[in-house]
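Okay, query.txt is below, compact mmCIF, C-alpha atoms:
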# COMPACT_ATOMS: atom_id res chain seq x y z
CA MET C 1 20.15 -26.56 -14.70
CA GLN C 2 22.39 -28.55 -12.40
CA GLU C 3 20.50 -31.11 -10.36
CA ALA C 4 20.27 -30.24 -6.68
CA LEU C 5 22.23 -32.44 -4.30
CA ARG C 6 20.14 -34.93 -2.39
CA PHE C 7 21.32 -36.10 1.00
CA GLN C 8 20.17 -39.28 2.65
CA PRO C 9 19.54 -39.12 6.42
CA VAL C 10 22.15 -40.85 8.54
CA ASP C 11 19.80 -43.04 10.51
CA ALA C 12 21.06 -46.52 9.66
CA GLU C 13 22.32 -48.79 12.41
CA PRO C 14 26.06 -48.26 13.00
CA VAL C 15 28.25 -50.89 11.38
CA ASP C 16 30.75 -52.69 13.59
CA ARG C 17 34.14 -50.95 13.26
CA ALA C 18 36.07 -54.19 12.80
CA ASP C 19 33.79 -55.22 9.94
CA ILE C 20 34.21 -51.83 8.28
CA VAL C 21 38.00 -52.08 8.49
CA VAL C 22 38.00 -55.52 6.88
CA GLN C 23 35.64 -54.41 4.11
CA ALA C 24 37.71 -51.27 3.48
CA ARG C 25 40.83 -53.37 2.96
CA GLN C 26 38.93 -55.62 0.55
CA LEU C 27 37.75 -52.66 -1.51
CA ARG C 28 41.25 -51.41 -2.18
CA ARG C 29 42.52 -52.06 -5.68
CA GLY C 30 45.31 -54.60 -5.66
CA SER C 31 47.45 -55.57 -2.72
CA GLU C 32 48.58 -53.17 -0.04
CA GLY C 33 51.28 -50.88 -1.34
CA ALA C 34 50.55 -51.74 -4.99
CA THR C 35 50.65 -48.88 -7.46
CA ARG C 36 47.38 -47.94 -9.12
CA GLY C 37 48.41 -44.38 -9.85
CA LEU C 38 48.65 -42.80 -13.29
CA SER C 39 51.88 -41.52 -14.79
CA LEU C 40 51.80 -38.11 -16.41
CA THR C 41 54.01 -36.25 -18.85
CA ILE C 42 54.00 -32.46 -19.24
CA ARG C 43 55.55 -30.78 -22.26
CA GLY C 44 55.94 -27.09 -23.00
CA LEU C 45 53.25 -26.13 -20.51
CA ARG C 46 52.45 -22.42 -20.39
CA LYS C 47 49.76 -20.46 -18.63
CA ALA C 48 49.10 -16.73 -18.91
CA PHE C 49 46.49 -14.52 -17.31
CA GLY C 50 46.31 -11.58 -19.66
CA ASP C 51 49.84 -10.24 -20.04
CA ASN C 52 51.06 -12.09 -16.95
CA GLU C 53 52.71 -15.38 -17.93
CA VAL C 54 52.66 -17.52 -14.79
CA LEU C 55 54.08 -20.76 -16.24
CA ARG C 56 56.80 -20.47 -18.87
CA GLY C 57 57.39 -23.83 -20.48
CA ILE C 58 57.18 -26.64 -17.93
CA ASP C 59 58.56 -30.05 -18.97
CA LEU C 60 58.01 -32.82 -16.44
CA HIS C 61 57.43 -36.57 -16.15
CA ILE C 62 55.92 -38.12 -13.02
CA PRO C 63 55.94 -41.95 -12.85
CA ALA C 64 52.84 -43.78 -11.68
CA GLY C 65 52.52 -43.86 -7.90
CA GLN C 66 55.22 -41.29 -7.18
CA PHE C 67 54.79 -38.67 -4.43
CA VAL C 68 55.92 -35.29 -5.76
CA ALA C 69 56.02 -32.07 -3.74
CA ILE C 70 56.11 -28.63 -5.35
CA VAL C 71 57.56 -25.69 -3.42
CA GLY C 72 58.35 -22.08 -4.21
CA ARG C 73 57.68 -18.51 -3.21
CA SER C 74 54.17 -17.05 -3.38
CA GLY C 75 53.17 -16.29 -6.94
CA CYS C 76 55.77 -18.57 -8.52
CA GLY C 77 53.13 -20.67 -10.30
CA LYS C 78 53.02 -23.83 -8.19
CA SER C 79 49.26 -23.77 -7.50
CA THR C 80 48.60 -22.87 -11.14
CA LEU C 81 50.57 -25.95 -12.21
CA LEU C 82 48.53 -28.13 -9.85
CA ARG C 83 45.24 -26.72 -11.17
CA LEU C 84 46.29 -27.48 -14.74
CA ILE C 85 47.22 -31.06 -13.81
CA ALA C 86 43.85 -31.48 -12.09
CA GLY C 87 41.98 -30.13 -15.11
CA LEU C 88 40.57 -27.15 -13.21
CA ASP C 89 42.14 -24.68 -15.66
CA ALA C 90 43.22 -24.93 -19.30
CA PRO C 91 46.80 -24.21 -20.40
CA THR C 92 47.68 -21.39 -22.75
CA ALA C 93 50.10 -23.68 -24.59
CA GLY C 94 51.60 -27.15 -24.21
CA GLY C 95 49.85 -30.16 -22.79
CA ILE C 96 49.55 -32.86 -20.14
CA ALA C 97 49.34 -36.53 -21.09
CA PHE C 98 48.42 -39.25 -18.61
CA GLY C 99 49.64 -42.83 -18.96
CA GLU C 100 46.09 -43.73 -19.91
CA GLN C 101 42.93 -41.70 -20.35
CA PRO C 102 41.68 -40.91 -16.83
CA ARG C 103 38.04 -41.04 -15.88
CA ALA C 104 36.54 -38.01 -14.16
CA GLN C 105 36.84 -39.65 -10.73
CA ASP C 106 40.49 -40.66 -11.29
CA VAL C 107 41.84 -37.18 -10.51
CA ARG C 108 40.86 -35.51 -7.24
CA VAL C 109 42.00 -32.34 -5.42
CA MET C 110 42.18 -31.55 -1.70
CA PHE C 111 42.36 -27.82 -0.91
CA GLN C 112 43.48 -25.81 2.12
CA GLU C 113 39.85 -25.07 2.95
CA PRO C 114 37.87 -28.28 3.58
CA ARG C 115 34.81 -26.86 1.76
CA LEU C 116 32.33 -29.06 3.59
CA LEU C 117 28.61 -28.55 3.11
CA PRO C 118 27.33 -27.18 6.45
CA TRP C 119 23.81 -28.54 5.95
CA ALA C 120 25.02 -32.12 5.39
CA ARG C 121 26.31 -34.56 7.98
CA VAL C 122 29.81 -36.01 7.73
CA LEU C 123 28.79 -39.19 5.89
CA SER C 124 26.80 -37.24 3.30
CA ASN C 125 29.73 -34.87 2.77
CA VAL C 126 31.95 -37.84 1.98
CA GLU C 127 29.36 -39.29 -0.41
CA VAL C 128 29.55 -36.06 -2.43
CA GLY C 129 32.97 -37.28 -3.59
CA LEU C 130 31.28 -40.11 -5.48
CA GLY C 131 29.68 -37.69 -7.95
CA ARG C 132 27.19 -39.51 -10.14
CA GLU C 133 27.90 -42.72 -8.25
CA ARG C 134 26.18 -41.29 -5.16
CA SER C 135 23.01 -43.06 -6.24
CA SER C 136 24.71 -46.48 -6.37
CA ALA C 137 23.62 -49.15 -3.91
CA ASP C 138 27.00 -49.25 -2.18
CA ALA C 139 27.49 -45.46 -1.87
CA GLN C 140 26.98 -45.39 1.90
CA ALA C 141 29.28 -48.37 2.44
CA ARG C 142 32.02 -46.76 0.35
CA ALA C 143 31.70 -43.55 2.34
CA GLU C 144 31.91 -45.55 5.57
CA HIS C 145 35.09 -47.22 4.32
CA ALA C 146 36.65 -43.86 3.47
CA LEU C 147 35.88 -42.57 6.96
CA VAL C 148 37.58 -45.62 8.44
CA GLU C 149 40.68 -44.85 6.39
CA VAL C 150 40.95 -41.40 7.97
CA GLY C 151 39.93 -42.51 11.47
CA LEU C 152 36.56 -40.74 11.61
CA ASP C 153 34.02 -43.52 11.30
CA ASP C 154 32.65 -42.55 14.74
CA LYS C 155 31.82 -39.05 13.39
CA ARG C 156 29.62 -40.20 10.51
CA GLY C 157 26.46 -38.59 11.90
CA GLN C 158 28.04 -35.33 13.10
CA TRP C 159 27.56 -31.88 11.57
CA PRO C 160 30.69 -30.14 10.19
CA SER C 161 30.21 -27.25 12.64
CA VAL C 162 31.14 -29.42 15.64
CA LEU C 163 34.37 -30.74 14.12
CA SER C 164 37.86 -29.41 14.77
CA GLY C 165 39.97 -28.04 11.93
CA GLY C 166 41.93 -31.27 11.69
CA GLN C 167 38.77 -33.38 11.67
CA LYS C 168 37.29 -31.25 8.88
CA GLN C 169 40.38 -31.87 6.79
CA ARG C 170 40.11 -35.59 7.47
CA VAL C 171 36.54 -35.48 6.14
CA ALA C 172 37.81 -33.61 3.07
CA LEU C 173 40.46 -36.31 2.60
CA ALA C 174 37.84 -39.05 2.92
CA ARG C 175 35.72 -37.26 0.31
CA ALA C 176 38.72 -37.26 -2.04
CA LEU C 177 39.54 -40.92 -1.36
CA VAL C 178 36.01 -42.32 -1.66
CA SER C 179 36.15 -42.51 -5.46
CA GLN C 180 39.52 -44.33 -5.26
CA PRO C 181 41.43 -41.74 -7.32
CA ARG C 182 44.53 -42.59 -9.30
CA VAL C 183 45.94 -39.07 -9.00
CA LEU C 184 45.41 -37.03 -5.83
CA ALA C 185 46.51 -33.39 -5.84
CA PHE C 186 46.95 -31.49 -2.57
CA ASP C 187 46.89 -27.67 -2.67
CA GLU C 188 48.37 -26.69 0.71
CA PRO C 189 45.77 -28.78 2.59
CA LEU C 190 47.56 -28.52 5.95
CA GLY C 191 48.51 -24.84 5.88
CA ALA C 192 45.86 -23.69 8.37
CA LEU C 193 46.43 -26.43 10.97
CA ASP C 194 48.34 -26.15 14.23
CA ALA C 195 51.77 -27.80 14.39
CA LEU C 196 50.81 -31.06 16.12
CA THR C 197 47.66 -31.56 14.03
CA ARG C 198 49.70 -30.86 10.92
CA ILE C 199 52.24 -33.58 11.77
CA SER C 200 49.41 -36.03 12.44
CA MET C 201 47.83 -35.20 9.08
CA GLN C 202 51.18 -35.57 7.31
CA GLN C 203 51.47 -39.08 8.73
CA LEU C 204 47.93 -39.85 7.59
CA LEU C 205 48.60 -38.60 4.05
CA GLU C 206 51.72 -40.75 3.82
CA ARG C 207 49.89 -43.82 5.13
CA VAL C 208 46.95 -43.64 2.73
CA TRP C 209 49.33 -42.94 -0.17
CA ARG C 210 51.46 -45.98 0.69
CA ASP C 211 48.38 -48.17 1.20
CA GLN C 212 46.48 -47.12 -1.91
CA GLY C 213 49.24 -46.42 -4.43
CA PHE C 214 47.84 -43.31 -6.13
CA THR C 215 50.08 -40.67 -7.68
CA ALA C 216 50.37 -37.78 -5.19
CA ILE C 217 51.16 -34.15 -6.03
CA LEU C 218 51.54 -31.81 -3.05
CA VAL C 219 51.85 -28.02 -3.25
CA THR C 220 53.25 -26.59 -0.03
CA HIS C 221 55.17 -23.61 1.38
CA ASP C 222 56.69 -25.90 4.02
CA VAL C 223 60.01 -27.31 2.79
CA ALA C 224 60.28 -29.63 5.82
CA GLU C 225 56.87 -31.08 4.97
CA ALA C 226 57.89 -31.59 1.35
CA VAL C 227 61.09 -33.40 2.29
CA ALA C 228 59.34 -35.56 4.90
CA LEU C 229 56.60 -36.75 2.54
CA ALA C 230 57.81 -36.72 -1.05
CA ASP C 231 59.92 -38.97 -3.25
CA ARG C 232 60.87 -35.85 -5.16
CA VAL C 233 60.72 -32.09 -4.55
CA LEU C 234 60.34 -29.59 -7.38
CA VAL C 235 61.30 -25.96 -6.82
CA ILE C 236 59.38 -23.53 -9.04
CA GLU C 237 60.87 -20.12 -9.80
CA ASP C 238 59.47 -17.57 -12.23
CA GLY C 239 57.18 -20.13 -13.81
CA ARG C 240 59.89 -22.72 -14.46
CA ILE C 241 61.29 -25.77 -12.65
CA ALA C 242 64.51 -24.45 -11.10
CA GLN C 243 65.42 -27.52 -9.05
CA ASP C 244 64.39 -31.19 -9.04
CA VAL C 245 65.55 -32.97 -5.87
CA THR C 246 65.20 -36.71 -5.32
CA ILE C 247 64.49 -37.69 -1.69
CA ASP C 248 66.05 -41.15 -1.57
CA LEU C 249 65.46 -41.96 2.10
CA PRO C 250 63.68 -44.93 3.70
CA ARG C 251 60.16 -44.63 5.07
CA PRO C 252 58.88 -43.83 7.59
CA ARG C 253 61.32 -40.94 7.75
CA ARG C 254 62.89 -39.78 10.99
CA ARG C 255 61.99 -36.15 11.54
CA GLY C 256 64.95 -34.15 12.74
CA SER C 257 67.47 -36.57 11.22
CA ALA C 258 70.68 -35.22 9.70
CA GLU C 259 69.71 -36.58 6.29
CA LEU C 260 66.38 -34.75 6.21
CA ALA C 261 67.97 -31.58 7.56
CA ALA C 262 70.62 -31.62 4.83
CA LEU C 263 68.05 -31.97 2.05
CA GLU C 264 65.85 -29.31 3.60
CA GLY C 265 68.83 -26.99 3.85
CA GLU C 266 69.77 -27.55 0.21
CA ILE C 267 66.29 -26.58 -0.99
CA LEU C 268 65.96 -23.63 1.39
CA LYS C 269 69.34 -22.29 0.28
CA HIS C 270 68.17 -22.33 -3.33
CA LEU C 271 64.90 -20.59 -2.43
CA LEU C 272 66.63 -17.92 -0.35
CA GLU C 273 69.25 -17.24 -3.01
CA GLY C 274 66.49 -16.84 -5.57
CA SER C 275 64.67 -14.46 -3.22
CA GLU C 276 67.76 -12.26 -2.90
CA ASP C 277 68.04 -12.06 -6.69
CA THR C 278 64.57 -10.49 -6.87
CA LEU C 279 65.25 -7.76 -4.26

What do you get writing this file as structure tokens?
Amino acid sequence: MQEALRFQPVDAEPVDRADIVVQARQLRRGSEGATRGLSLTIRGLRKAFGDNEVLRGIDLHIPAGQFVAIVGRSGCGKSTLLRLIAGLDAPTAGGIAFGEQPRAQDVRVMFQEPRLLPWARVLSNVEVGLGRERSSADAQARAEHALVEVGLDDKRGQWPSVLSGGQKQRVALARALVSQPRVLAFDEPLGALDALTRISMQQLLERVWRDQGFTAILVTHDVAEAVALADRVLVIEDGRIAQDVTIDLPRPRRRGSAELAALEGEILKHLLEGSEDTL
């Protein structure tokens, strides 16, 4: 039987914010901007659910530390691909090889729903991301550091029910970051947010990725979001990679620029043409 989760009360004296920020920087692996991500290579990947083959032979290499976005119409297989990469499902055929054997905590997923535990305060929800390391002496400090990274250290003692949608997703991001993952997969984590909150969260995702150097894989319906965040955008059609677009633009990127608009238009044109073919 799985051991019940145990939550420690959040009654410790608040730590000075400046001290937390300094300690958080010290806990990062390597220097700021250094790559600690894992590379991964996918060969002949297939996934079927009964007679429905969702992925039909995916071949893909993602270098360590790259930010890859995956777009496509509903049902094209993009979320299935992400779940296979994250180890949440098993492939029907083919395989995924990482640059080195990842530990359980090296690969984390952030979903569209924050999935916070309503009976646990914010800090305890973040500590859940440590898994078996929750019992370590520095668990609370690591959770504090993760909350600093997402700008919510002042909410450590709050209940999830009083948080806004954007704040809940920041807690979910902190929970994913607390174990210092080397691959972080995002399954449409910003899809339910309002426009301004979504832009703010996009900027946060880019900042923590640049600071911490993990490999990022983002599934999204929003082509503008994909182009703004990713080094590379993959278009999935009928279970295959139909387009692989490199986004070779400096960061931070200027939203509304002609360069971003041109790339967005190229990808949208491909998606719309593919949609017409299925009518």

Do a neighbour search on Ser74 in chain C at 12 Å with all atoms listed in the file, toss out local chain neighbours closer than 4 positions, and write the hits as a ChimeraX atom specification.
-> /C:54,70,78-80,188,219-222,235-239,271,275

Test item: which residues lie within 7 Å of (37.9, -25.7, 6.3) counting all atoms listed in the file, as a PyMOL selection string | chain C and resi 112-115+165+168-169

Between CA of Gly72 in chain C and CA of Ala195 in chain C, measure the distance and give it in Å to one decimal.
->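 These atoms are spaced 20.5 Å apart.
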
Contacts of Leu123 in chain C within 7 Å, all atoms listed in the file, excl. fewer than 6 positions in-chain, as a short mmCIF file (atom, residue, chain, number, x, y, z; two decimals) with C-alpha atoms, in the coordinates of the input:
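What follows is the written file around33.cif:
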data_model
loop_
_atom_site.label_atom_id
_atom_site.label_comp_id
_atom_site.auth_asym_id
_atom_site.auth_seq_id
_atom_site.Cartn_x
_atom_site.Cartn_y
_atom_site.Cartn_z
CA ALA C 143 31.70 -43.55 2.34
CA ARG C 156 29.62 -40.20 10.51
CA GLY C 157 26.46 -38.59 11.90
#

Would you mind listing, for every residue of range 76-138 of chain C within 8 Å of range 170-174 of chain C, the two atoms forming the shortest contact and the distance between them in Å to one decimal, using all atoms listed in the file, sorted by chain and ascending residue number, as JSON lines?
{"residue": "C:Met110", "atom": "CA", "partner": "C:Leu173", "partner_atom": "CA", "distance": 6.6}
{"residue": "C:Pro114", "atom": "CA", "partner": "C:Ala172", "partner_atom": "CA", "distance": 5.4}
{"residue": "C:Arg115", "atom": "CA", "partner": "C:Ala172", "partner_atom": "CA", "distance": 7.5}
{"residue": "C:Leu116", "atom": "CA", "partner": "C:Ala172", "partner_atom": "CA", "distance": 7.1}
{"residue": "C:Val122", "atom": "CA", "partner": "C:Val171", "partner_atom": "CA", "distance": 6.9}
{"residue": "C:Asn125", "atom": "CA", "partner": "C:Val171", "partner_atom": "CA", "distance": 7.6}
{"residue": "C:Val126", "atom": "CA", "partner": "C:Ala174", "partner_atom": "CA", "distance": 6.1}

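Each of C:Arg46, C:Gln66, C:Leu204, C:Ala176 was compared to Val128 in chain C using all atoms listed in the file, and C:Ala176 turns out to be the nearest.
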
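Proximity ranking of C:Ala192, C:Val245, C:Val109, C:Leu45 relative to Ser164 in chain C places C:Ala192 first, based on all atoms listed in the file.
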
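Of note, CA of Leu40 in chain C and CA of Gly99 in chain C are spaced 5.8 Å apart.
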
CA of Pro189 in chain C to CA of Asp231 in chain C, straight-line distance in Å =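 Those two atoms sit 18.4 Å apart.
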
Of C:Leu272, C:Leu147, C:Val107, C:Ala139, the one nearest to Ile85 in chain C when counting all atoms listed in the file is C:Val107
